[in-house]
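Q: See model.txt below, with compact mmCIF, C-alpha atoms.
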```txt
# COMPACT_ATOMS: atom_id res chain seq x y z
CA MET A 1 -105.50 117.37 195.18
CA LYS A 2 -103.22 119.80 196.94
CA THR A 3 -103.34 123.53 197.47
CA ILE A 4 -100.22 125.23 196.24
CA GLN A 5 -99.09 128.79 196.92
CA LEU A 6 -96.83 130.43 194.39
CA THR A 7 -96.05 133.85 192.99
CA VAL A 8 -96.71 134.32 189.30
CA ASN A 9 -95.67 137.58 187.62
CA GLY A 10 -95.57 139.24 191.02
CA VAL A 11 -99.05 138.11 192.05
CA GLN A 12 -99.53 135.67 194.94
CA CYS A 13 -101.66 132.73 193.70
CA SER A 14 -103.29 129.79 195.43
CA ILE A 15 -104.12 126.81 193.23
CA THR A 16 -105.78 123.50 194.01
CA CYS A 17 -104.65 120.75 191.65
CA PRO A 18 -102.98 117.31 191.55
CA PRO A 19 -99.37 117.81 192.73
CA ALA A 20 -97.97 115.95 189.71
CA LYS A 21 -99.65 118.28 187.23
CA THR A 22 -97.01 120.24 185.35
CA LEU A 23 -96.41 123.89 186.11
CA LEU A 24 -97.05 124.58 182.42
CA ASP A 25 -100.58 123.15 182.70
CA VAL A 26 -101.18 125.13 185.88
CA LEU A 27 -100.13 128.34 184.13
CA ARG A 28 -102.24 127.68 181.05
CA GLU A 29 -105.33 125.97 182.51
CA ASP A 30 -105.63 127.29 186.05
CA LEU A 31 -104.26 130.78 185.56
CA GLY A 32 -105.12 131.41 181.91
CA LEU A 33 -101.57 132.49 181.09
CA THR A 34 -101.23 130.99 177.64
CA ALA A 35 -97.99 132.57 176.45
CA SER A 36 -95.94 129.54 177.54
CA LYS A 37 -96.55 126.73 175.06
CA GLU A 38 -96.30 122.97 175.18
CA CYS A 39 -94.42 121.54 172.24
CA CYS A 40 -92.09 118.60 172.93
CA GLY A 41 -93.01 118.14 176.60
CA LYS A 42 -89.51 116.76 177.24
CA GLY A 43 -87.35 119.82 177.80
CA GLU A 44 -85.86 119.81 174.34
CA CYS A 45 -87.55 122.75 172.62
CA GLY A 46 -87.86 125.48 175.25
CA SER A 47 -91.25 126.81 174.14
CA CYS A 48 -92.54 126.35 177.71
CA SER A 49 -89.66 128.34 179.25
CA VAL A 50 -90.46 130.46 182.30
CA LEU A 51 -88.25 132.10 184.91
CA ILE A 52 -88.18 130.34 188.25
CA ASN A 53 -86.42 132.57 190.81
CA ASN A 54 -84.96 134.47 187.83
CA GLU A 55 -83.48 131.42 186.09
CA ALA A 56 -84.88 129.99 182.86
CA ALA A 57 -86.48 126.57 183.27
CA CYS A 58 -88.84 124.34 181.29
CA SER A 59 -92.24 124.60 182.96
CA CYS A 60 -93.33 121.34 181.28
CA LEU A 61 -90.86 119.43 183.49
CA VAL A 62 -91.59 121.18 186.79
CA LEU A 63 -94.41 119.62 188.77
CA ALA A 64 -96.95 121.87 190.48
CA GLY A 65 -95.94 120.59 193.91
CA GLN A 66 -92.36 121.63 193.22
CA ALA A 67 -93.45 125.18 192.39
CA GLU A 68 -94.71 125.75 195.95
CA GLY A 69 -93.32 129.04 197.26
CA GLN A 70 -91.41 129.77 194.06
CA ASP A 71 -91.33 133.03 192.15
CA ILE A 72 -92.43 132.43 188.55
CA ILE A 73 -92.26 134.90 185.68
CA THR A 74 -93.83 134.07 182.32
CA CYS A 75 -93.64 135.99 179.06
CA GLU A 76 -96.74 137.93 180.19
CA GLY A 77 -94.72 139.03 183.21
CA VAL A 78 -91.84 140.24 181.05
CA GLY A 79 -94.21 142.67 179.34
CA LEU A 80 -97.62 143.10 177.70
CA THR A 81 -98.67 145.23 174.71
CA PRO A 82 -99.11 148.55 176.57
CA ASN A 83 -95.73 148.23 178.32
CA LEU A 84 -93.47 146.00 176.25
CA ASP A 85 -90.05 145.09 177.57
CA VAL A 86 -87.01 146.26 175.61
CA ILE A 87 -86.50 142.69 174.40
CA GLN A 88 -90.04 142.45 173.09
CA GLU A 89 -89.75 145.84 171.34
CA SER A 90 -86.55 144.65 169.68
CA PHE A 91 -88.22 141.42 168.52
CA VAL A 92 -91.00 143.51 166.93
CA GLU A 93 -88.55 145.94 165.33
CA GLU A 94 -86.31 143.21 163.92
CA GLY A 95 -89.25 141.02 162.85
CA ALA A 96 -87.72 138.20 164.85
CA THR A 97 -90.82 136.04 164.82
CA GLN A 98 -92.70 134.02 162.26
CA CYS A 99 -95.43 131.69 163.51
CA GLY A 100 -94.74 132.92 167.04
CA TYR A 101 -95.03 129.60 168.86
CA CYS A 102 -91.45 129.63 170.14
CA THR A 103 -91.29 133.39 170.72
CA PRO A 104 -92.57 133.62 174.34
CA GLY A 105 -90.04 131.00 175.41
CA ILE A 106 -87.23 132.80 173.61
CA ILE A 107 -88.23 136.16 175.14
CA VAL A 108 -88.10 134.61 178.61
CA SER A 109 -84.70 132.97 178.00
CA ALA A 110 -83.33 136.19 176.51
CA LYS A 111 -84.61 138.13 179.53
CA ALA A 112 -82.74 135.84 181.94
CA PHE A 113 -79.63 136.02 179.78
CA LEU A 114 -79.59 139.82 179.47
CA ASN A 115 -80.32 140.26 183.19
CA GLY A 116 -77.06 138.46 183.91
CA ILE A 117 -74.75 140.45 181.61
CA ASN A 118 -73.66 144.06 181.16
CA HIS A 119 -72.30 144.03 177.63
CA ILE A 120 -73.56 143.50 174.10
CA PRO A 121 -73.28 139.72 173.65
CA THR A 122 -71.56 138.07 170.71
CA THR A 123 -73.44 135.77 168.37
CA ASP A 124 -71.79 132.76 170.00
CA GLU A 125 -72.78 133.85 173.49
CA ILE A 126 -76.38 134.27 172.37
CA LYS A 127 -76.35 130.89 170.64
CA THR A 128 -75.15 129.24 173.85
CA ALA A 129 -77.65 131.10 176.02
CA LEU A 130 -80.58 130.34 173.70
CA GLY A 131 -79.39 126.84 172.80
CA GLY A 132 -82.39 125.35 174.58
CA ASN A 133 -84.95 127.24 172.49
CA LEU A 134 -85.77 125.87 169.08
CA CYS A 135 -87.46 127.74 166.24
CA ARG A 136 -88.59 125.55 163.36
CA CYS A 137 -90.00 128.26 161.08
CA THR A 138 -86.92 130.10 160.06
CA GLY A 139 -83.33 130.81 160.94
CA TYR A 140 -82.07 132.45 164.07
CA THR A 141 -80.44 135.48 162.41
CA LYS A 142 -83.17 137.95 163.33
CA ILE A 143 -83.62 136.49 166.80
CA ILE A 144 -79.91 136.96 167.49
CA LYS A 145 -80.03 140.50 166.07
CA ALA A 146 -83.02 141.33 168.28
CA VAL A 147 -81.23 140.13 171.42
CA GLN A 148 -78.18 142.19 170.47
CA SER A 149 -80.19 145.34 169.84
CA ALA A 150 -82.06 144.85 173.14
CA ALA A 151 -78.70 144.60 174.92
CA ALA A 152 -77.55 147.80 173.20
CA LYS A 153 -80.71 149.60 174.34
CA ASN A 154 -80.26 148.30 177.90
CA ASN A 155 -76.67 149.54 177.91
CA SER A 156 -77.46 153.02 176.64
CA LYS A 157 -80.21 153.28 179.28
CA LYS A 158 -77.73 152.34 182.01
CA GLU A 159 -75.25 154.92 180.72
CA THR A 160 -77.88 157.64 180.86
CA ILE A 161 -78.66 156.75 184.45
CA THR A 162 -75.06 156.50 185.65
CA GLY A 163 -73.76 159.32 183.39
CA MET J 1 -101.60 104.74 188.01
CA LEU J 2 -102.67 108.04 186.51
CA VAL J 3 -100.49 111.12 186.76
CA SER J 4 -103.37 112.87 188.56
CA GLU J 5 -103.33 110.16 191.26
CA ILE J 6 -99.65 110.56 192.12
CA ASP J 7 -99.10 112.22 195.46
CA MET J 8 -96.12 114.38 196.45
CA ILE J 9 -94.46 115.06 199.73
CA THR J 10 -91.93 117.84 200.20
CA PRO J 11 -89.71 117.22 203.23
CA SER J 12 -88.37 120.41 204.79
CA SER J 13 -85.09 118.89 205.93
CA LEU J 14 -82.78 116.01 205.11
CA SER J 15 -83.61 114.21 208.37
CA GLU J 16 -87.33 114.49 207.66
CA CYS J 17 -86.69 113.09 204.17
CA LEU J 18 -84.66 110.12 205.46
CA ALA J 19 -87.31 109.45 208.11
CA PHE J 20 -89.98 109.34 205.41
CA LEU J 21 -87.88 106.98 203.26
CA ALA J 22 -87.40 104.71 206.29
CA GLN J 23 -91.06 104.40 207.27
CA THR J 24 -93.00 104.59 204.01
CA ASN J 25 -94.50 101.47 202.47
CA LYS J 26 -95.71 103.34 199.40
CA LYS J 27 -93.97 103.03 196.07
CA HIS J 28 -91.90 106.21 195.99
CA LYS J 29 -89.23 107.94 193.97
CA LEU J 30 -87.00 110.89 194.68
CA LEU J 31 -87.62 113.94 192.50
CA ALA J 32 -84.85 116.52 192.16
CA GLY J 33 -84.54 118.68 189.03
CA GLY J 34 -87.12 116.57 187.19
CA THR J 35 -85.41 116.87 183.82
CA ASP J 36 -85.39 113.09 183.52
CA ALA J 37 -87.91 111.88 186.09
CA THR J 38 -90.80 114.00 184.78
CA VAL J 39 -90.20 112.82 181.23
CA ARG J 40 -90.27 109.20 182.42
CA MET J 41 -93.48 109.87 184.31
CA LYS J 42 -95.09 111.33 181.19
CA GLU J 43 -93.96 108.34 179.11
CA GLY J 44 -95.58 106.03 181.65
CA ASN J 45 -92.36 104.35 182.74
CA TRP J 46 -92.20 105.91 186.19
CA ARG J 47 -95.46 106.09 188.07
CA PRO J 48 -94.66 106.01 191.78
CA GLU J 49 -97.46 106.40 194.31
CA VAL J 50 -95.64 109.35 195.76
CA TRP J 51 -92.93 111.72 194.56
CA VAL J 52 -90.49 112.74 197.26
CA ASN J 53 -89.72 116.28 196.16
CA ILE J 54 -86.21 117.13 197.36
CA LYS J 55 -85.50 119.91 194.86
CA ASN J 56 -85.58 122.67 197.47
CA LEU J 57 -83.60 120.97 200.24
CA LYS J 58 -81.10 123.83 200.48
CA GLU J 59 -78.84 121.91 202.86
CA LEU J 60 -77.91 119.57 199.99
CA ARG J 61 -76.86 122.36 197.62
CA TYR J 62 -73.26 123.47 198.23
CA ILE J 63 -69.74 123.37 196.82
CA GLU J 64 -66.98 123.66 199.40
CA GLU J 65 -63.41 122.56 200.12
CA LYS J 66 -62.81 120.94 203.50
CA GLU J 67 -59.76 119.04 204.74
CA GLY J 68 -58.25 118.51 201.31
CA CYS J 69 -61.47 117.32 199.74
CA ILE J 70 -64.09 119.05 197.61
CA HIS J 71 -67.65 118.42 198.82
CA ILE J 72 -70.48 118.84 196.34
CA GLY J 73 -74.08 118.65 197.53
CA PRO J 74 -76.19 116.33 195.34
CA LEU J 75 -78.73 119.09 194.66
CA THR J 76 -76.08 121.39 193.21
CA THR J 77 -77.23 122.31 189.72
CA HIS J 78 -75.07 122.10 186.61
CA THR J 79 -75.23 125.91 186.43
CA ASP J 80 -73.85 126.13 190.00
CA ILE J 81 -70.95 123.89 188.94
CA VAL J 82 -70.19 125.87 185.78
CA ARG J 83 -70.14 129.13 187.78
CA SER J 84 -68.05 127.84 190.71
CA PRO J 85 -64.56 129.43 190.85
CA LEU J 86 -63.40 126.58 193.11
CA LEU J 87 -64.36 123.89 190.62
CA GLN J 88 -63.07 125.92 187.66
CA LYS J 89 -59.69 125.89 189.36
CA LYS J 90 -59.62 122.43 190.91
CA ALA J 91 -62.02 120.27 188.89
CA ASP J 92 -61.94 121.70 185.35
CA VAL J 93 -63.09 118.43 183.79
CA LEU J 94 -66.33 118.45 185.82
CA VAL J 95 -67.03 122.07 184.86
CA GLU J 96 -66.56 121.20 181.19
CA ALA J 97 -68.87 118.19 181.50
CA SER J 98 -71.60 120.17 183.28
CA ARG J 99 -71.44 122.80 180.56
CA GLU J 100 -72.29 120.07 178.03
CA VAL J 101 -75.46 118.91 179.80
CA GLY J 102 -78.50 119.88 177.69
CA ALA J 103 -78.79 123.66 177.35
CA THR J 104 -79.40 126.58 179.73
CA GLN J 105 -82.77 125.41 181.04
CA MET J 106 -81.54 121.85 181.71
CA GLN J 107 -78.41 123.17 183.41
CA ASN J 108 -80.51 125.43 185.64
CA MET J 109 -82.86 122.60 186.63
CA GLY J 110 -80.75 119.45 186.53
CA THR J 111 -78.69 118.40 189.55
CA ILE J 112 -75.48 116.44 189.80
CA GLY J 113 -77.07 113.99 192.24
CA GLY J 114 -79.91 113.45 189.78
CA ASN J 115 -77.44 112.83 186.97
CA ILE J 116 -75.74 110.15 189.11
CA GLY J 117 -78.97 108.63 190.46
CA THR J 118 -80.55 108.33 187.01
CA ALA J 119 -77.52 106.23 186.06
CA SER J 120 -77.83 106.78 182.34
CA PRO J 121 -74.79 105.31 180.54
CA ALA J 122 -74.72 108.63 178.63
CA GLY J 123 -74.85 110.91 181.71
CA ASP J 124 -72.33 113.66 181.00
CA THR J 125 -71.05 114.38 184.50
CA ILE J 126 -70.36 110.74 185.38
CA PRO J 127 -67.14 110.15 183.34
CA ALA J 128 -65.78 113.39 184.82
CA LEU J 129 -66.57 112.13 188.33
CA TYR J 130 -64.79 108.85 187.46
CA VAL J 131 -61.54 110.58 186.54
CA LEU J 132 -61.77 112.79 189.63
CA GLY J 133 -62.07 109.68 191.82
CA ALA J 134 -65.43 110.68 193.26
CA ILE J 135 -66.76 109.01 196.38
CA LEU J 136 -70.48 109.07 197.10
CA GLU J 137 -71.87 109.35 200.60
CA ILE J 138 -75.08 107.34 200.75
CA SER J 139 -77.37 107.76 203.75
CA SER J 140 -80.45 106.14 205.17
CA LEU J 141 -82.08 107.13 208.45
CA ASP J 142 -79.60 105.19 210.55
CA THR J 143 -76.73 104.22 208.25
CA LYS J 144 -74.15 106.06 206.24
CA ARG J 145 -71.76 104.46 203.77
CA LEU J 146 -69.13 105.68 201.33
CA VAL J 147 -69.18 104.14 197.86
CA PRO J 148 -66.54 104.88 195.21
CA ILE J 149 -68.36 105.97 192.06
CA GLU J 150 -66.89 103.04 190.11
CA GLN J 151 -68.79 100.63 192.38
CA PHE J 152 -72.04 102.57 192.36
CA PHE J 153 -73.49 101.59 188.98
CA THR J 154 -74.62 98.05 188.25
CA GLY J 155 -76.11 98.60 184.79
CA PRO J 156 -78.10 101.10 182.73
CA GLY J 157 -80.43 102.86 185.19
CA ARG J 158 -79.35 100.51 188.00
CA THR J 159 -77.29 101.37 191.06
CA VAL J 160 -76.47 99.97 194.49
CA LEU J 161 -78.84 102.51 196.07
CA ARG J 162 -81.50 100.86 198.29
CA VAL J 163 -85.08 102.15 198.45
CA ASN J 164 -84.58 103.85 201.80
CA GLU J 165 -81.30 105.50 200.81
CA MET J 166 -80.25 108.63 199.02
CA ILE J 167 -77.02 110.29 197.92
CA THR J 168 -76.17 112.94 200.50
CA ASN J 169 -72.69 114.10 199.51
CA ILE J 170 -70.23 113.83 196.62
CA LEU J 171 -66.55 113.96 197.50
CA ILE J 172 -63.85 114.58 194.91
CA GLN J 173 -60.12 114.96 195.10
CA PRO J 174 -59.09 118.49 194.05
CA GLN J 175 -56.71 118.59 191.10
CA VAL J 176 -53.09 119.46 191.93
CA PRO J 177 -51.41 122.27 189.89
CA ASN J 178 -49.84 119.87 187.37
CA GLU J 179 -53.10 118.01 186.82
CA ILE J 180 -55.22 118.96 183.81
CA GLY J 181 -58.50 117.61 182.58
CA ILE J 182 -60.77 117.80 179.58
CA PHE J 183 -64.24 116.56 178.64
CA GLN J 184 -65.08 115.77 175.02
CA LYS J 185 -68.53 114.96 173.78
CA LEU J 186 -69.97 113.87 170.47
CA GLY J 187 -73.68 114.56 170.07
CA PRO J 188 -75.91 114.98 167.03
CA ARG J 189 -75.59 118.76 167.38
CA LYS J 190 -73.88 121.35 169.54
CA ALA J 191 -76.53 122.19 172.11
CA GLN J 192 -79.21 120.16 173.82
CA SER J 193 -78.01 116.71 172.84
CA ILE J 194 -77.59 113.29 174.41
CA SER J 195 -74.06 111.95 174.05
CA ILE J 196 -73.33 109.42 171.32
CA VAL J 197 -69.90 109.04 172.92
CA ASN J 198 -68.19 111.13 175.56
CA VAL J 199 -64.84 110.94 177.28
CA ALA J 200 -63.28 112.53 180.34
CA ILE J 201 -59.49 112.66 180.60
CA SER J 202 -57.34 113.75 183.50
CA LEU J 203 -53.54 113.81 183.24
CA ARG J 204 -50.78 114.43 185.78
CA MET J 205 -48.01 116.10 183.81
CA ILE J 206 -44.32 116.29 184.80
CA GLU J 207 -42.03 118.08 182.34
CA GLY J 208 -42.63 118.89 178.69
CA ARG J 209 -44.88 116.20 177.26
CA HIS J 210 -44.01 113.68 179.96
CA CYS J 211 -46.97 112.43 181.90
CA GLN J 212 -46.87 110.73 185.26
CA GLY J 213 -50.18 108.97 184.66
CA GLY J 214 -53.82 109.72 184.31
CA LYS J 215 -57.36 108.50 184.05
CA ILE J 216 -59.60 108.06 181.01
CA ALA J 217 -63.33 107.32 181.29
CA PHE J 218 -65.74 106.79 178.40
CA GLY J 219 -69.49 107.33 178.53
CA ALA J 220 -72.29 105.95 176.32
CA VAL J 221 -70.15 103.07 175.05
CA GLY J 222 -71.10 100.38 177.55
CA PRO J 223 -73.75 99.49 180.15
CA THR J 224 -72.00 101.81 182.59
CA ILE J 225 -69.02 104.16 182.29
CA ILE J 226 -65.86 102.41 181.09
CA ARG J 227 -62.40 103.19 182.46
CA ALA J 228 -59.90 102.68 179.62
CA LYS J 229 -57.21 101.10 181.77
CA LYS J 230 -55.01 99.84 178.91
CA CYS J 231 -54.94 103.33 177.43
CA GLU J 232 -54.15 104.75 180.86
CA SER J 233 -51.19 102.41 181.33
CA LEU J 234 -49.62 103.79 178.12
CA LEU J 235 -49.82 107.41 179.24
CA SER J 236 -46.61 107.19 181.25
CA GLN J 237 -44.68 105.14 178.69
CA GLY J 238 -42.87 108.14 177.25
CA PRO J 239 -43.52 111.69 176.10
CA LEU J 240 -46.99 112.11 174.64
CA THR J 241 -45.89 112.47 171.03
CA GLU J 242 -48.28 112.26 168.09
CA ASP J 243 -47.32 108.61 167.60
CA LEU J 244 -48.03 107.65 171.19
CA ILE J 245 -51.34 109.55 171.23
CA GLN J 246 -52.44 107.78 168.05
CA ASN J 247 -51.49 104.40 169.54
CA ILE J 248 -53.44 105.11 172.71
CA ALA J 249 -56.45 106.15 170.62
CA LYS J 250 -56.27 102.90 168.61
CA ILE J 251 -56.36 100.86 171.78
CA ALA J 252 -59.48 102.70 172.93
CA TRP J 253 -61.28 101.10 169.96
CA LYS J 254 -60.96 97.72 171.70
CA GLU J 255 -61.56 98.95 175.23
CA VAL J 256 -65.09 100.25 174.71
CA MET J 257 -68.14 97.95 174.47
CA PRO J 258 -70.82 99.94 172.65
CA ILE J 259 -74.17 98.75 171.34
CA THR J 260 -76.12 99.85 168.30
CA ASP J 261 -79.17 101.97 169.16
CA VAL J 262 -81.24 104.83 167.76
CA ARG J 263 -78.41 107.29 168.20
CA ALA J 264 -75.54 105.41 166.51
CA THR J 265 -74.17 102.02 165.48
CA ALA J 266 -71.64 100.18 167.61
CA THR J 267 -68.85 100.49 165.02
CA TYR J 268 -69.40 104.22 164.66
CA ARG J 269 -69.24 104.59 168.43
CA ARG J 270 -65.94 102.66 168.55
CA ASP J 271 -64.46 104.85 165.82
CA MET J 272 -65.65 107.99 167.53
CA ALA J 273 -64.37 106.86 170.94
CA SER J 274 -60.89 106.63 169.39
CA ALA J 275 -61.25 109.95 167.62
CA LEU J 276 -62.51 111.78 170.71
CA LEU J 277 -59.71 110.42 172.86
CA GLU J 278 -57.11 111.40 170.28
CA ARG J 279 -58.57 114.89 169.95
CA GLY J 280 -58.88 115.27 173.71
CA LEU J 281 -55.25 114.30 174.30
CA TYR J 282 -53.99 116.72 171.63
CA ARG J 283 -56.05 119.53 173.11
CA LEU J 284 -54.89 118.78 176.63
CA ILE J 285 -51.23 118.76 175.58
CA ARG J 286 -51.72 122.04 173.76
CA ARG J 287 -53.31 123.58 176.85
CA TRP J 288 -50.47 122.28 179.00
CA GLU J 289 -47.83 123.69 176.66
CA ASN J 290 -49.54 127.08 176.43
CA ARG J 291 -49.96 127.74 180.09
```
What is this file in structure tokens?

A:
Amino acid sequence: MKTIQLTVNGVQCSITCPPAKTLLDVLREDLGLTASKECCGKGECGSCSVLINNEAACSCLVLAGQAEGQDIITCEGVGLTPNLDVIQESFVEEGATQCGYCTPGIIVSAKAFLNGINHIPTTDEIKTALGGNLCRCTGYTKIIKAVQSAAAKNNSKKETITG
Amino acid sequence: MLVSEIDMITPSSLSECLAFLAQTNKKHKLLAGGTDATVRMKEGNWRPEVWVNIKNLKELRYIEEKEGCIHIGPLTTHTDIVRSPLLQKKADVLVEASREVGATQMQNMGTIGGNIGTASPAGDTIPALYVLGAILEISSLDTKRLVPIEQFFTGPGRTVLRVNEMITNILIQPQVPNEIGIFQKLGPRKAQSISIVNVAISLRMIEGRHCQGGKIAFGAVGPTIIRAKKCESLLSQGPLTEDLIQNIAKIAWKEVMPITDVRATATYRRDMASALLERGLYRLIRRWENR
């Protein structure tokens, strides 16, 4: 057992667990943050995606000991029902979810992607950025539309501030 | 050994890490991005007594040009490589290869040193490093040696690395202005795939379609990466016309040594090795003519 200090969704946490336990299990079992899901456990599906120092990563492949001192943001940290993020609002508006298992991972990946750009992305750009997130219910049309409309909202907000 | 029994140490500097590797008598393994190592741990194949977590050794994460050589730290991520203006300009083939590794999450986590150390015959960055003539600096606490990448691999998952050693630097020759490179990959789908066949090509062009020479390296079609030396020797035999390109591609069929596995049959891999080389050469020539 080791005691690990990390920041999750802006809150400093101290967790005692085996160092080879995955970050995903720490988030779900020790911290009760169950938005991130385990699906393939191999880094192929992206449903466990979280932001580590603002970059999307698969929490099922990061070991707890490696998360020491890192800044982690999960889907809960992107936004919760009373204060949804623009991306989450767009997913609701476009109906870009079906069973919902992949959605938290996609929200997190989309958040990282939109943080890094200042324009409305093309379909191809979104496909590349979200290539590591699989949805097996339905197509990606609405997901792509939701990311585009979130980008449009972000842009108009920025214009209001700068204009 | 259960996963819950595996210990982890996180050295705070390279010298502390090398000192640990030198004195430990525990079964240990280095852990960088974890995109491969963690999966192997979960599958039960890798259960060291202790993980040596080097992921956050910042001193091993850099891309810089010094004395006519590009130095890449082994903990540089694929995302770092894709975003590097220096590599985009002087090692285009490596940038293209890193862009093909997994998808965003894998590129953010995975490191170039990890890709080399894992020694998968299908590792995407390795053929690119072959054509760029990469040299690996391998260090232990009290020794340092330089190993050309072509002498580093001894088989699938096997390298010349000793238990107390680690890769501490990757040196590549920057491309000169008339040198162009391309990386082509065939996977079951566009994103997030393991190569069925991949090829890295680097050509030194002279005038028009005349080529001074070049290097061609295939991945996933042999126990380690294969340099297609017969194909290479034809590159300078005349202008790279359609006929010559097709001939070179035909010869690639015999140069590769693939096996049949879950991803593809050996014959399919041979056919695709030819096709990828042909396509890659056409695309390179087109890029050269359009610049």

Q: Considering all atoms listed in the file, give me a table of residues in chain J that are at most 9 Å from chain A, with the closest atom pair and distance in Å for each, as a tab-separated table.

A:
```
residue	atom	partner	partner_atom	distance
J:Val3	CA	A:Ala20	CA	6.2
J:Ser4	CA	A:Pro18	CA	5.4
J:Glu5	CA	A:Pro18	CA	7.2
J:Ile6	CA	A:Ala20	CA	6.1
J:Asp7	CA	A:Pro19	CA	6.2
J:Met8	CA	A:Pro19	CA	6.0
J:Ile9	CA	A:Gly65	CA	8.2
J:Thr10	CA	A:Gly65	CA	8.0
J:Gly33	CA	A:Val62	CA	7.8
J:Gly34	CA	A:Leu61	CA	6.0
J:Thr35	CA	A:Leu61	CA	6.0
J:Asp36	CA	A:Lys42	CA	8.4
J:Ala37	CA	A:Leu61	CA	8.5
J:Thr38	CA	A:Leu61	CA	5.6
J:Val39	CA	A:Lys42	CA	5.6
J:Lys42	CA	A:Gly41	CA	8.5
J:Trp51	CA	A:Ala20	CA	8.2
J:Asn53	CA	A:Gln66	CA	6.7
J:Ile54	CA	A:Gln66	CA	8.7
J:Lys55	CA	A:Gln66	CA	7.3
J:Asn56	CA	A:Gln66	CA	8.1
J:Gly102	CA	A:Gly132	CA	7.4
J:Ala103	CA	A:Gly132	CA	4.8
J:Thr104	CA	A:Gly132	CA	6.1
J:Gln105	CA	A:Ala57	CA	4.5
J:Met106	CA	A:Ala57	CA	7.0
J:Gln107	CA	A:Ala57	CA	8.8
J:Asn108	CA	A:Ala57	CA	6.5
J:Met109	CA	A:Ala57	CA	6.3
J:Lys190	CA	A:Gly131	CA	8.4
J:Ala191	CA	A:Gly131	CA	5.5
J:Gln192	CA	A:Gly132	CA	6.1
J:Ser193	CA	A:Glu44	CA	8.6
```

Q: Please write the residues from the selection above to a file, keeping C-alpha atoms, as an mmCIF file, keeping the file's coordinate frame.

A:
```
data_model
loop_
_atom_site.group_PDB
_atom_site.id
_atom_site.type_symbol
_atom_site.label_atom_id
_atom_site.label_comp_id
_atom_site.auth_asym_id
_atom_site.auth_seq_id
_atom_site.Cartn_x
_atom_site.Cartn_y
_atom_site.Cartn_z
ATOM 1 C CA VAL J 3 -100.490 111.120 186.760
ATOM 2 C CA SER J 4 -103.370 112.870 188.560
ATOM 3 C CA GLU J 5 -103.330 110.160 191.260
ATOM 4 C CA ILE J 6 -99.650 110.560 192.120
ATOM 5 C CA ASP J 7 -99.100 112.220 195.460
ATOM 6 C CA MET J 8 -96.120 114.380 196.450
ATOM 7 C CA ILE J 9 -94.460 115.060 199.730
ATOM 8 C CA THR J 10 -91.930 117.840 200.200
ATOM 9 C CA GLY J 33 -84.540 118.680 189.030
ATOM 10 C CA GLY J 34 -87.120 116.570 187.190
ATOM 11 C CA THR J 35 -85.410 116.870 183.820
ATOM 12 C CA ASP J 36 -85.390 113.090 183.520
ATOM 13 C CA ALA J 37 -87.910 111.880 186.090
ATOM 14 C CA THR J 38 -90.800 114.000 184.780
ATOM 15 C CA VAL J 39 -90.200 112.820 181.230
ATOM 16 C CA LYS J 42 -95.090 111.330 181.190
ATOM 17 C CA TRP J 51 -92.930 111.720 194.560
ATOM 18 C CA ASN J 53 -89.720 116.280 196.160
ATOM 19 C CA ILE J 54 -86.210 117.130 197.360
ATOM 20 C CA LYS J 55 -85.500 119.910 194.860
ATOM 21 C CA ASN J 56 -85.580 122.670 197.470
ATOM 22 C CA GLY J 102 -78.500 119.880 177.690
ATOM 23 C CA ALA J 103 -78.790 123.660 177.350
ATOM 24 C CA THR J 104 -79.400 126.580 179.730
ATOM 25 C CA GLN J 105 -82.770 125.410 181.040
ATOM 26 C CA MET J 106 -81.540 121.850 181.710
ATOM 27 C CA GLN J 107 -78.410 123.170 183.410
ATOM 28 C CA ASN J 108 -80.510 125.430 185.640
ATOM 29 C CA MET J 109 -82.860 122.600 186.630
ATOM 30 C CA LYS J 190 -73.880 121.350 169.540
ATOM 31 C CA ALA J 191 -76.530 122.190 172.110
ATOM 32 C CA GLN J 192 -79.210 120.160 173.820
ATOM 33 C CA SER J 193 -78.010 116.710 172.840
#
```

Q: One decimal, in Å: what's the spacing between atom CA of J:Asn169 and atom CA of J:Ile196?

A: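 The value is 28.6 Å.
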
Q: J:Val197: which residues within 10 Å, counting all atoms listed in the file, same-chain residues fewer than 4 positions away excluded, as a list in words?

A: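 Residues near the query, excluding close chain neighbours: Pro121, Ala122, Asp124, Gln184, Lys185, Leu186, Gly187, Phe218, Gly219, Ala220, Val221, Gly222, Pro258, Arg263, Ala264, Tyr268, Arg269, Arg270, Asp271, Met272, Ala273, Ser274 and Leu276 of chain J.
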
Q: Please produce, as a tab-separated table, a per-residue contact table for stretch 77-106 of chain A versus stretch 24-40 of chain A (criterion: any atom at most 9 Å away, all atoms listed in the file considered), showing the nearest atom pair and its distance in Å to one decimal, sorted by chain then residue number.

A:
```
residue	atom	partner	partner_atom	distance
A:Tyr101	CA	A:Lys37	CA	7.0
A:Cys102	CA	A:Lys37	CA	7.7
A:Thr103	CA	A:Ala35	CA	8.9
A:Pro104	CA	A:Ala35	CA	5.9
A:Gly105	CA	A:Ser36	CA	6.4
```

Q: Skipping near chain neighbours, those fewer than 2 positions away, what residues fall within 6 Å of stretch 75-81 of chain A using only C-alpha atoms, listed as a list in words?

A: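 After dropping sequence-adjacent residues, the list is Asn9, Ile73, Asn83, Leu84, Asp85, Pro104 and Val108 of chain A.
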
Q: With C-alpha atoms kept, could you save the residues just selected as a CSV table (one decimal), keeping the file's coordinate frame?

A:
```csv
chain,number,residue,atom,x,y,z
A,9,ASN,CA,-95.7,137.6,187.6
A,73,ILE,CA,-92.3,134.9,185.7
A,83,ASN,CA,-95.7,148.2,178.3
A,84,LEU,CA,-93.5,146.0,176.2
A,85,ASP,CA,-90.0,145.1,177.6
A,104,PRO,CA,-92.6,133.6,174.3
A,108,VAL,CA,-88.1,134.6,178.6
```
